[in-house]
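This report concerns only the one structure given below.
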2 protein chains.
Amino acid sequence: MTPEPRDEERADAVELLALVAALEDHAFVRFAADAVNAPDAHQRLTRSRMAALAVARRDRVLDRLGELDGDPVAQVDRFDRVLDDFDTRTEPATWAERLLRGYVGCGVSDDFCRLAAWGVDAQSRDLVLDVLDDADHVEAAVAALSGACADDAALSSRLALWGRRVVGESLQTVSRLLSSRPGLARVAARGLLAIASSGTGDTKARPGDAAPDAPQPASVLNQLTVEHTRRMSKLSLTA
Amino acid sequence: MTPEPRDEERADAVELLALVAALEDHAFVRFAADAVNAPDAHQRLTRSRMAALAVARRDRVLDRLGELDGDPVAQVDRFDRVLDDFDTRTEPATWAERLLRGYVGCGVSDDFCRLAAWGVDAQSRDLVLDVLDDADHVEAAVAALSGACADDAALSSRLALWGRRVVGESLQTVSRLLSSRPGLARVAARGLLAIASSGTGDTKARPGDAAPDAPQPASVLNQLTVEHTRRMSKLSLTA
């Protein structure tokens, strides 16, 4: 038996788990919209499967949330509108823009949640890392976008610009979360310390003990930007 | 090992399986739209889970379709627009109308597919009956609608009217399918014979041997109307 977290630690874990569940719920809605807008039947089926997987991921997180809080659905619902601004400002005009928005936006939000996971109890952390370890949709997006960009310099350049816009909005969303949700700011700071002290600079790596100085929100955004640059280079697009 | 069906039987089974898969694909889209339009977080989560289950059901049917046909996705895609007219003519104005549309519309289409399932090879039949045996979403709709109608005679009367409109459009959709798809008309006729000869008049019952006279499309619609009337009585609504 893993010991249950103390009260403040528990409240912070609830905050992070609720965010992860809300993001997966949003991913479901987005994948479902992708399915409706897909250019052919194969991609429609693929996106609908991703939507179903997002529901399964969300429900795993909801189960853990229910162990820590009496009303997990209400906790998730508090984050219901968290991506409204992002969505409004990044309405895609083409299928490629839609794919890239998902790749970049989910990339940033997943990285943030993985980073913050290192600031909560071990059981919640392991769950979040495991839930976010599903690389299928990332690989599907990479394959589709790389193929489309391979022989089309104009498209590559347009998508590089689009990626910068999407990552800008993504980082602003994280920044708003950090300033409006002290619990999230705390777990992100703890998580970043843990990762920094591990010396890998990789949110997917297992860190060692935490370093003594608390990092600023800017450090969180820097870390996310580093990951984003790596991600864009997989597409051979300039971040 | 169950023997594989002969060529014509195989083509008819492909036709039915493709329809069932297309209807489940459509159910996914509809449940996802329900989730976005749900009045509260609990119903949003419930509808998204139904969407995920529809994907799983569709993919089970796709697997069988792939055993019988080299390009199952293309077969499903042929039914891509099968519910467009139905959707256009039954746009719900309220959450209750949305629930009732699903209850009535899926009721009719599931009944049709169950009936037709008795006209295809045993393995495909058993799969279709098993896939459509998921009563969860029916019970959820009955519970929600019965609760809403219990003390509201005006709502009950409005919904009874709405149910008649939805069932009318549903039966017209079936009628169009029967006249435009000879393969579906054949399996439906065979299925109805099998059910009639079993003497139960229930598409969920296991029939005995088929009777000698082929039924007309009108008999299929009559059978679906009988099932619809039973379904509406569960809600204490006049069919």
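Residues are referred to by chain and number: the chain letter is A, B, ... according to the order shown in the structure tokens, the number counts from 1 in that chain, and ligands are numbered separately from 1 in the order shown.
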
| When the cut-off is 10 Å and we count only C-alpha atoms, which residues of chain B are near chain A, given as a PyMOL selection string? | chain B and resi 25-26+28-33+35-36+40-42+44-45+48-56+58-59+73-74+76-78+80

What would you get as a PDB file with C-alpha atoms, in the first residue's frame if chain B were moved onto chain A by least squares over all of its C-alpha atoms in order?
ATOM      1  CA  MET B   1       0.015   0.002   0.053  1.00  0.00           C
ATOM      2  CA  THR B   2       1.273   3.437  -0.936  1.00  0.00           C
ATOM      3  CA  PRO B   3       0.569   5.936   1.872  1.00  0.00           C
ATOM      4  CA  GLU B   4      -2.156   8.479   1.022  1.00  0.00           C
ATOM      5  CA  PRO B   5      -0.902  12.074   0.621  1.00  0.00           C
ATOM      6  CA  ARG B   6      -1.299  14.668   3.401  1.00  0.00           C
ATOM      7  CA  ASP B   7      -4.036  17.303   3.122  1.00  0.00           C
ATOM      8  CA  GLU B   8      -2.193  20.063   1.250  1.00  0.00           C
ATOM      9  CA  GLU B   9      -0.402  17.562  -0.942  1.00  0.00           C
ATOM     10  CA  ARG B  10      -3.751  15.905  -1.551  1.00  0.00           C
ATOM     11  CA  ALA B  11      -5.401  19.200  -2.572  1.00  0.00           C
ATOM     12  CA  ASP B  12      -2.551  19.896  -5.005  1.00  0.00           C
ATOM     13  CA  ALA B  13      -2.812  16.404  -6.501  1.00  0.00           C
ATOM     14  CA  VAL B  14      -6.573  16.887  -6.906  1.00  0.00           C
ATOM     15  CA  GLU B  15      -5.864  20.127  -8.772  1.00  0.00           C
ATOM     16  CA  LEU B  16      -3.459  18.444 -11.187  1.00  0.00           C
ATOM     17  CA  LEU B  17      -5.591  15.309 -11.684  1.00  0.00           C
ATOM     18  CA  ALA B  18      -8.659  17.456 -12.375  1.00  0.00           C
ATOM     19  CA  LEU B  19      -6.687  19.393 -14.995  1.00  0.00           C
ATOM     20  CA  VAL B  20      -5.438  16.202 -16.661  1.00  0.00           C
ATOM     21  CA  ALA B  21      -8.967  14.750 -16.724  1.00  0.00           C
ATOM     22  CA  ALA B  22     -10.374  18.006 -18.135  1.00  0.00           C
ATOM     23  CA  LEU B  23      -7.686  18.062 -20.832  1.00  0.00           C
ATOM     24  CA  GLU B  24      -8.471  14.454 -21.807  1.00  0.00           C
ATOM     25  CA  ASP B  25     -12.176  15.309 -21.869  1.00  0.00           C
ATOM     26  CA  HIS B  26     -11.324  18.180 -24.163  1.00  0.00           C
ATOM     27  CA  ALA B  27      -9.136  15.867 -26.276  1.00  0.00           C
ATOM     28  CA  PHE B  28     -12.176  13.606 -26.710  1.00  0.00           C
ATOM     29  CA  VAL B  29     -14.250  16.533 -28.026  1.00  0.00           C
ATOM     30  CA  ARG B  30     -11.426  17.659 -30.303  1.00  0.00           C
ATOM     31  CA  PHE B  31     -10.765  14.180 -31.736  1.00  0.00           C
ATOM     32  CA  ALA B  32     -14.500  13.732 -32.311  1.00  0.00           C
ATOM     33  CA  ALA B  33     -14.582  17.054 -34.203  1.00  0.00           C
ATOM     34  CA  ASP B  34     -11.504  15.892 -36.141  1.00  0.00           C
ATOM     35  CA  ALA B  35     -13.369  12.706 -37.078  1.00  0.00           C
ATOM     36  CA  VAL B  36     -16.266  14.729 -38.470  1.00  0.00           C
ATOM     37  CA  ASN B  37     -13.851  16.964 -40.412  1.00  0.00           C
ATOM     38  CA  ALA B  38     -11.484  14.216 -41.571  1.00  0.00           C
ATOM     39  CA  PRO B  39     -10.712  14.206 -45.306  1.00  0.00           C
ATOM     40  CA  ASP B  40     -11.356  10.454 -45.753  1.00  0.00           C
ATOM     41  CA  ALA B  41     -12.892   7.412 -44.056  1.00  0.00           C
ATOM     42  CA  HIS B  42      -9.568   5.996 -42.815  1.00  0.00           C
ATOM     43  CA  GLN B  43      -8.655   9.197 -41.000  1.00  0.00           C
ATOM     44  CA  ARG B  44     -12.217   9.505 -39.702  1.00  0.00           C
ATOM     45  CA  LEU B  45     -11.978   6.046 -38.124  1.00  0.00           C
ATOM     46  CA  THR B  46      -8.515   6.755 -36.726  1.00  0.00           C
ATOM     47  CA  ARG B  47      -9.602   9.994 -35.077  1.00  0.00           C
ATOM     48  CA  SER B  48     -12.714   8.382 -33.572  1.00  0.00           C
ATOM     49  CA  ARG B  49     -10.469   5.701 -32.012  1.00  0.00           C
ATOM     50  CA  MET B  50      -8.300   8.444 -30.522  1.00  0.00           C
ATOM     51  CA  ALA B  51     -11.464  10.020 -29.104  1.00  0.00           C
ATOM     52  CA  ALA B  52     -12.382   6.704 -27.460  1.00  0.00           C
ATOM     53  CA  LEU B  53      -8.857   6.362 -26.007  1.00  0.00           C
ATOM     54  CA  ALA B  54      -9.073   9.892 -24.567  1.00  0.00           C
ATOM     55  CA  VAL B  55     -12.278   8.862 -22.753  1.00  0.00           C
ATOM     56  CA  ALA B  56     -10.504   5.827 -21.297  1.00  0.00           C
ATOM     57  CA  ARG B  57      -7.538   7.949 -20.160  1.00  0.00           C
ATOM     58  CA  ARG B  58      -9.851  10.542 -18.610  1.00  0.00           C
ATOM     59  CA  ASP B  59     -11.767   7.882 -16.722  1.00  0.00           C
ATOM     60  CA  ARG B  60      -8.574   6.356 -15.302  1.00  0.00           C
ATOM     61  CA  VAL B  61      -7.653   9.784 -13.932  1.00  0.00           C
ATOM     62  CA  LEU B  62     -11.214  10.284 -12.644  1.00  0.00           C
ATOM     63  CA  ASP B  63     -10.914   7.023 -10.692  1.00  0.00           C
ATOM     64  CA  ARG B  64      -7.795   8.257  -8.884  1.00  0.00           C
ATOM     65  CA  LEU B  65      -9.430  11.653  -8.384  1.00  0.00           C
ATOM     66  CA  GLY B  66     -12.371   9.892  -6.731  1.00  0.00           C
ATOM     67  CA  GLU B  67      -9.980   8.282  -4.242  1.00  0.00           C
ATOM     68  CA  LEU B  68      -8.705  11.737  -3.216  1.00  0.00           C
ATOM     69  CA  ASP B  69     -11.865  13.847  -3.479  1.00  0.00           C
ATOM     70  CA  GLY B  70     -15.541  13.229  -2.789  1.00  0.00           C
ATOM     71  CA  ASP B  71     -16.793  14.889  -5.969  1.00  0.00           C
ATOM     72  CA  PRO B  72     -14.315  14.241  -8.798  1.00  0.00           C
ATOM     73  CA  VAL B  73     -16.738  15.339 -11.535  1.00  0.00           C
ATOM     74  CA  ALA B  74     -17.174  18.761  -9.919  1.00  0.00           C
ATOM     75  CA  GLN B  75     -13.377  19.082  -9.688  1.00  0.00           C
ATOM     76  CA  VAL B  76     -13.002  18.343 -13.401  1.00  0.00           C
ATOM     77  CA  ASP B  77     -15.860  20.671 -14.249  1.00  0.00           C
ATOM     78  CA  ARG B  78     -13.939  23.566 -12.664  1.00  0.00           C
ATOM     79  CA  PHE B  79     -11.527  23.291 -15.623  1.00  0.00           C
ATOM     80  CA  ASP B  80     -14.330  23.007 -18.161  1.00  0.00           C
ATOM     81  CA  ARG B  81     -13.507  26.277 -19.928  1.00  0.00           C
ATOM     82  CA  VAL B  82      -9.724  26.078 -19.574  1.00  0.00           C
ATOM     83  CA  LEU B  83      -9.114  25.786 -23.327  1.00  0.00           C
ATOM     84  CA  ASP B  84     -11.892  28.084 -24.590  1.00  0.00           C
ATOM     85  CA  ASP B  85      -9.545  31.009 -25.325  1.00  0.00           C
ATOM     86  CA  PHE B  86      -7.008  28.690 -26.902  1.00  0.00           C
ATOM     87  CA  ASP B  87      -9.662  27.143 -29.162  1.00  0.00           C
ATOM     88  CA  THR B  88     -11.080  30.511 -30.208  1.00  0.00           C
ATOM     89  CA  ARG B  89      -7.658  31.851 -31.139  1.00  0.00           C
ATOM     90  CA  THR B  90      -6.432  28.773 -33.003  1.00  0.00           C
ATOM     91  CA  GLU B  91      -9.374  27.832 -35.223  1.00  0.00           C
ATOM     92  CA  PRO B  92      -7.731  25.747 -37.982  1.00  0.00           C
ATOM     93  CA  ALA B  93      -8.476  26.531 -41.643  1.00  0.00           C
ATOM     94  CA  THR B  94      -7.168  23.245 -43.077  1.00  0.00           C
ATOM     95  CA  TRP B  95      -6.768  19.621 -42.069  1.00  0.00           C
ATOM     96  CA  ALA B  96      -2.980  20.077 -41.750  1.00  0.00           C
ATOM     97  CA  GLU B  97      -3.476  23.072 -39.450  1.00  0.00           C
ATOM     98  CA  ARG B  98      -5.932  21.025 -37.402  1.00  0.00           C
ATOM     99  CA  LEU B  99      -3.424  18.170 -37.024  1.00  0.00           C
ATOM    100  CA  LEU B 100      -0.598  20.540 -36.147  1.00  0.00           C
ATOM    101  CA  ARG B 101      -2.736  22.373 -33.592  1.00  0.00           C
ATOM    102  CA  GLY B 102      -3.368  19.072 -31.833  1.00  0.00           C
ATOM    103  CA  TYR B 103       0.279  18.018 -32.061  1.00  0.00           C
ATOM    104  CA  VAL B 104       1.599  21.320 -30.687  1.00  0.00           C
ATOM    105  CA  GLY B 105      -1.200  22.084 -28.219  1.00  0.00           C
ATOM    106  CA  CYS B 106      -1.402  18.603 -26.699  1.00  0.00           C
ATOM    107  CA  GLY B 107       2.384  18.454 -26.732  1.00  0.00           C
ATOM    108  CA  VAL B 108       2.627  21.539 -24.526  1.00  0.00           C
ATOM    109  CA  SER B 109      -0.239  20.566 -22.214  1.00  0.00           C
ATOM    110  CA  ASP B 110       1.004  16.977 -21.847  1.00  0.00           C
ATOM    111  CA  ASP B 111       4.518  18.241 -21.097  1.00  0.00           C
ATOM    112  CA  PHE B 112       3.152  20.627 -18.490  1.00  0.00           C
ATOM    113  CA  CYS B 113       1.168  17.860 -16.804  1.00  0.00           C
ATOM    114  CA  ARG B 114       4.130  15.461 -16.885  1.00  0.00           C
ATOM    115  CA  LEU B 115       6.329  18.133 -15.343  1.00  0.00           C
ATOM    116  CA  ALA B 116       3.747  18.920 -12.653  1.00  0.00           C
ATOM    117  CA  ALA B 117       3.276  15.199 -12.006  1.00  0.00           C
ATOM    118  CA  TRP B 118       6.694  15.209 -10.314  1.00  0.00           C
ATOM    119  CA  GLY B 119       5.220  17.564  -7.726  1.00  0.00           C
ATOM    120  CA  VAL B 120       2.442  15.260  -6.456  1.00  0.00           C
ATOM    121  CA  ASP B 121       2.246  11.956  -4.529  1.00  0.00           C
ATOM    122  CA  ALA B 122       3.880   8.934  -6.150  1.00  0.00           C
ATOM    123  CA  GLN B 123       0.670   7.087  -6.995  1.00  0.00           C
ATOM    124  CA  SER B 124      -0.909  10.102  -8.737  1.00  0.00           C
ATOM    125  CA  ARG B 125       2.402  10.892 -10.463  1.00  0.00           C
ATOM    126  CA  ASP B 126       2.814   7.375 -11.840  1.00  0.00           C
ATOM    127  CA  LEU B 127      -0.772   7.388 -13.077  1.00  0.00           C
ATOM    128  CA  VAL B 128      -0.392  10.738 -14.882  1.00  0.00           C
ATOM    129  CA  LEU B 129       2.911   9.689 -16.477  1.00  0.00           C
ATOM    130  CA  ASP B 130       1.395   6.378 -17.565  1.00  0.00           C
ATOM    131  CA  VAL B 131      -1.796   7.939 -18.917  1.00  0.00           C
ATOM    132  CA  LEU B 132       0.164  10.528 -20.912  1.00  0.00           C
ATOM    133  CA  ASP B 133       2.574   7.929 -22.254  1.00  0.00           C
ATOM    134  CA  ASP B 134       0.290   7.101 -25.181  1.00  0.00           C
ATOM    135  CA  ALA B 135       2.381   8.175 -28.168  1.00  0.00           C
ATOM    136  CA  ASP B 136       0.023   6.817 -30.828  1.00  0.00           C
ATOM    137  CA  HIS B 137      -1.652  10.065 -31.702  1.00  0.00           C
ATOM    138  CA  VAL B 138       1.685  11.870 -31.744  1.00  0.00           C
ATOM    139  CA  GLU B 139       3.145   9.373 -34.191  1.00  0.00           C
ATOM    140  CA  ALA B 140       0.034   9.513 -36.382  1.00  0.00           C
ATOM    141  CA  ALA B 141       0.285  13.311 -36.564  1.00  0.00           C
ATOM    142  CA  VAL B 142       4.024  13.233 -37.270  1.00  0.00           C
ATOM    143  CA  ALA B 143       3.522  10.724 -40.082  1.00  0.00           C
ATOM    144  CA  ALA B 144       0.668  12.663 -41.691  1.00  0.00           C
ATOM    145  CA  LEU B 145       2.328  16.077 -41.393  1.00  0.00           C
ATOM    146  CA  SER B 146       5.816  14.949 -42.434  1.00  0.00           C
ATOM    147  CA  GLY B 147       4.314  13.335 -45.513  1.00  0.00           C
ATOM    148  CA  ALA B 148       2.379  16.463 -46.420  1.00  0.00           C
ATOM    149  CA  CYS B 149       5.386  18.766 -45.891  1.00  0.00           C
ATOM    150  CA  ALA B 150       8.019  16.564 -47.556  1.00  0.00           C
ATOM    151  CA  ASP B 151       7.822  18.047 -51.063  1.00  0.00           C
ATOM    152  CA  ASP B 152       5.990  21.273 -50.329  1.00  0.00           C
ATOM    153  CA  ALA B 153       8.211  24.121 -49.122  1.00  0.00           C
ATOM    154  CA  ALA B 154       5.306  26.603 -49.158  1.00  0.00           C
ATOM    155  CA  LEU B 155       3.196  24.348 -46.914  1.00  0.00           C
ATOM    156  CA  SER B 156       6.168  23.766 -44.588  1.00  0.00           C
ATOM    157  CA  SER B 157       6.686  27.475 -44.217  1.00  0.00           C
ATOM    158  CA  ARG B 158       2.980  28.165 -43.610  1.00  0.00           C
ATOM    159  CA  LEU B 159       2.809  25.377 -41.030  1.00  0.00           C
ATOM    160  CA  ALA B 160       5.968  26.579 -39.269  1.00  0.00           C
ATOM    161  CA  LEU B 161       4.242  29.954 -38.848  1.00  0.00           C
ATOM    162  CA  TRP B 162       1.048  28.263 -37.667  1.00  0.00           C
ATOM    163  CA  GLY B 163       3.025  26.165 -35.182  1.00  0.00           C
ATOM    164  CA  ARG B 164       4.527  29.332 -33.685  1.00  0.00           C
ATOM    165  CA  ARG B 165       1.080  30.830 -33.286  1.00  0.00           C
ATOM    166  CA  VAL B 166      -0.277  27.674 -31.653  1.00  0.00           C
ATOM    167  CA  VAL B 167       2.665  27.331 -29.266  1.00  0.00           C
ATOM    168  CA  GLY B 168       2.332  30.997 -28.307  1.00  0.00           C
ATOM    169  CA  GLU B 169      -1.317  30.481 -27.388  1.00  0.00           C
ATOM    170  CA  SER B 170      -0.474  27.217 -25.596  1.00  0.00           C
ATOM    171  CA  LEU B 171       2.191  28.863 -23.439  1.00  0.00           C
ATOM    172  CA  GLN B 172      -0.182  31.740 -22.631  1.00  0.00           C
ATOM    173  CA  THR B 173      -2.754  29.186 -21.485  1.00  0.00           C
ATOM    174  CA  VAL B 174      -0.176  27.597 -19.167  1.00  0.00           C
ATOM    175  CA  SER B 175       0.875  31.030 -17.951  1.00  0.00           C
ATOM    176  CA  ARG B 176      -2.733  31.959 -17.094  1.00  0.00           C
ATOM    177  CA  LEU B 177      -3.152  28.642 -15.262  1.00  0.00           C
ATOM    178  CA  LEU B 178       0.001  29.221 -13.213  1.00  0.00           C
ATOM    179  CA  SER B 179      -1.120  32.693 -12.134  1.00  0.00           C
ATOM    180  CA  SER B 180      -4.768  31.776 -11.432  1.00  0.00           C
ATOM    181  CA  ARG B 181      -4.252  28.397  -9.738  1.00  0.00           C
ATOM    182  CA  PRO B 182      -1.762  28.511  -6.850  1.00  0.00           C
ATOM    183  CA  GLY B 183      -2.000  24.749  -6.376  1.00  0.00           C
ATOM    184  CA  LEU B 184      -0.899  24.102  -9.962  1.00  0.00           C
ATOM    185  CA  ALA B 185       1.904  26.659  -9.627  1.00  0.00           C
ATOM    186  CA  ARG B 186       3.116  24.788  -6.518  1.00  0.00           C
ATOM    187  CA  VAL B 187       3.129  21.336  -8.106  1.00  0.00           C
ATOM    188  CA  ALA B 188       4.754  22.697 -11.280  1.00  0.00           C
ATOM    189  CA  ALA B 189       7.496  24.366  -9.219  1.00  0.00           C
ATOM    190  CA  ARG B 190       8.084  21.174  -7.224  1.00  0.00           C
ATOM    191  CA  GLY B 191       8.059  19.106 -10.406  1.00  0.00           C
ATOM    192  CA  LEU B 192      10.516  21.380 -12.158  1.00  0.00           C
ATOM    193  CA  LEU B 193      12.884  21.249  -9.182  1.00  0.00           C
ATOM    194  CA  ALA B 194      12.757  17.478  -9.224  1.00  0.00           C
ATOM    195  CA  ILE B 195      13.436  17.346 -12.961  1.00  0.00           C
ATOM    196  CA  ALA B 196      16.190  19.992 -12.829  1.00  0.00           C
ATOM    197  CA  SER B 197      17.975  18.127 -10.066  1.00  0.00           C
ATOM    198  CA  SER B 198      17.903  14.959 -12.135  1.00  0.00           C
ATOM    199  CA  GLY B 199      19.998  16.860 -14.689  1.00  0.00           C
ATOM    200  CA  THR B 200      18.274  15.392 -17.744  1.00  0.00           C
ATOM    201  CA  GLY B 201      16.071  18.360 -18.653  1.00  0.00           C
ATOM    202  CA  ASP B 202      13.569  15.812 -19.899  1.00  0.00           C
ATOM    203  CA  THR B 203      10.052  15.708 -18.400  1.00  0.00           C
ATOM    204  CA  LYS B 204       9.789  12.039 -19.287  1.00  0.00           C
ATOM    205  CA  ALA B 205      12.925  11.087 -17.313  1.00  0.00           C
ATOM    206  CA  ARG B 206      12.792   9.943 -13.676  1.00  0.00           C
ATOM    207  CA  PRO B 207      14.495  12.623 -11.564  1.00  0.00           C
ATOM    208  CA  GLY B 208      16.448  12.224  -8.337  1.00  0.00           C
ATOM    209  CA  ASP B 209      16.039  14.437  -5.240  1.00  0.00           C
ATOM    210  CA  ALA B 210      14.729  17.982  -5.564  1.00  0.00           C
ATOM    211  CA  ALA B 211      17.155  20.944  -5.579  1.00  0.00           C
ATOM    212  CA  PRO B 212      16.718  23.615  -2.851  1.00  0.00           C
ATOM    213  CA  ASP B 213      15.700  26.745  -4.855  1.00  0.00           C
ATOM    214  CA  ALA B 214      12.121  27.085  -6.100  1.00  0.00           C
ATOM    215  CA  PRO B 215      11.911  27.942  -9.838  1.00  0.00           C
ATOM    216  CA  GLN B 216       9.862  30.825 -11.268  1.00  0.00           C
ATOM    217  CA  PRO B 217       6.899  30.375 -13.678  1.00  0.00           C
ATOM    218  CA  ALA B 218       9.231  31.607 -16.432  1.00  0.00           C
ATOM    219  CA  SER B 219      11.364  28.494 -15.880  1.00  0.00           C
ATOM    220  CA  VAL B 220       8.301  26.309 -16.472  1.00  0.00           C
ATOM    221  CA  LEU B 221       7.572  28.101 -19.748  1.00  0.00           C
ATOM    222  CA  ASN B 222      11.235  27.845 -20.782  1.00  0.00           C
ATOM    223  CA  GLN B 223      11.187  24.129 -20.132  1.00  0.00           C
ATOM    224  CA  LEU B 224       8.007  23.738 -22.228  1.00  0.00           C
ATOM    225  CA  THR B 225       9.569  25.784 -25.044  1.00  0.00           C
ATOM    226  CA  VAL B 226      12.605  23.510 -25.127  1.00  0.00           C
ATOM    227  CA  GLU B 227      10.324  20.469 -25.462  1.00  0.00           C
ATOM    228  CA  HIS B 228       8.304  22.231 -28.172  1.00  0.00           C
ATOM    229  CA  THR B 229      11.439  22.960 -30.216  1.00  0.00           C
ATOM    230  CA  ARG B 230      12.377  19.266 -30.064  1.00  0.00           C
ATOM    231  CA  ARG B 231       8.882  18.348 -31.172  1.00  0.00           C
ATOM    232  CA  MET B 232       8.866  20.682 -34.167  1.00  0.00           C
ATOM    233  CA  SER B 233      12.254  19.387 -35.293  1.00  0.00           C
ATOM    234  CA  LYS B 234      10.667  15.924 -35.615  1.00  0.00           C
ATOM    235  CA  LEU B 235       8.556  17.475 -38.371  1.00  0.00           C
ATOM    236  CA  SER B 236      11.576  19.323 -39.808  1.00  0.00           C
ATOM    237  CA  LEU B 237       9.701  22.545 -39.049  1.00  0.00           C
ATOM    238  CA  THR B 238      11.345  25.600 -37.500  1.00  0.00           C
ATOM    239  CA  ALA B 239       9.953  26.214 -33.999  1.00  0.00           C
TER     240      ALA B 239
END

| task | Taking the chain letters and numbering used in this document, name the residues of region 32-239 of chain B that DSSP puts in alpha helix (DSSP H), as a VMD selection string. | result | chain B and resid 32 to 37 41 to 68 72 to 77 84 to 89 95 to 117 122 to 131 136 to 149 153 to 180 182 to 198 217 to 234
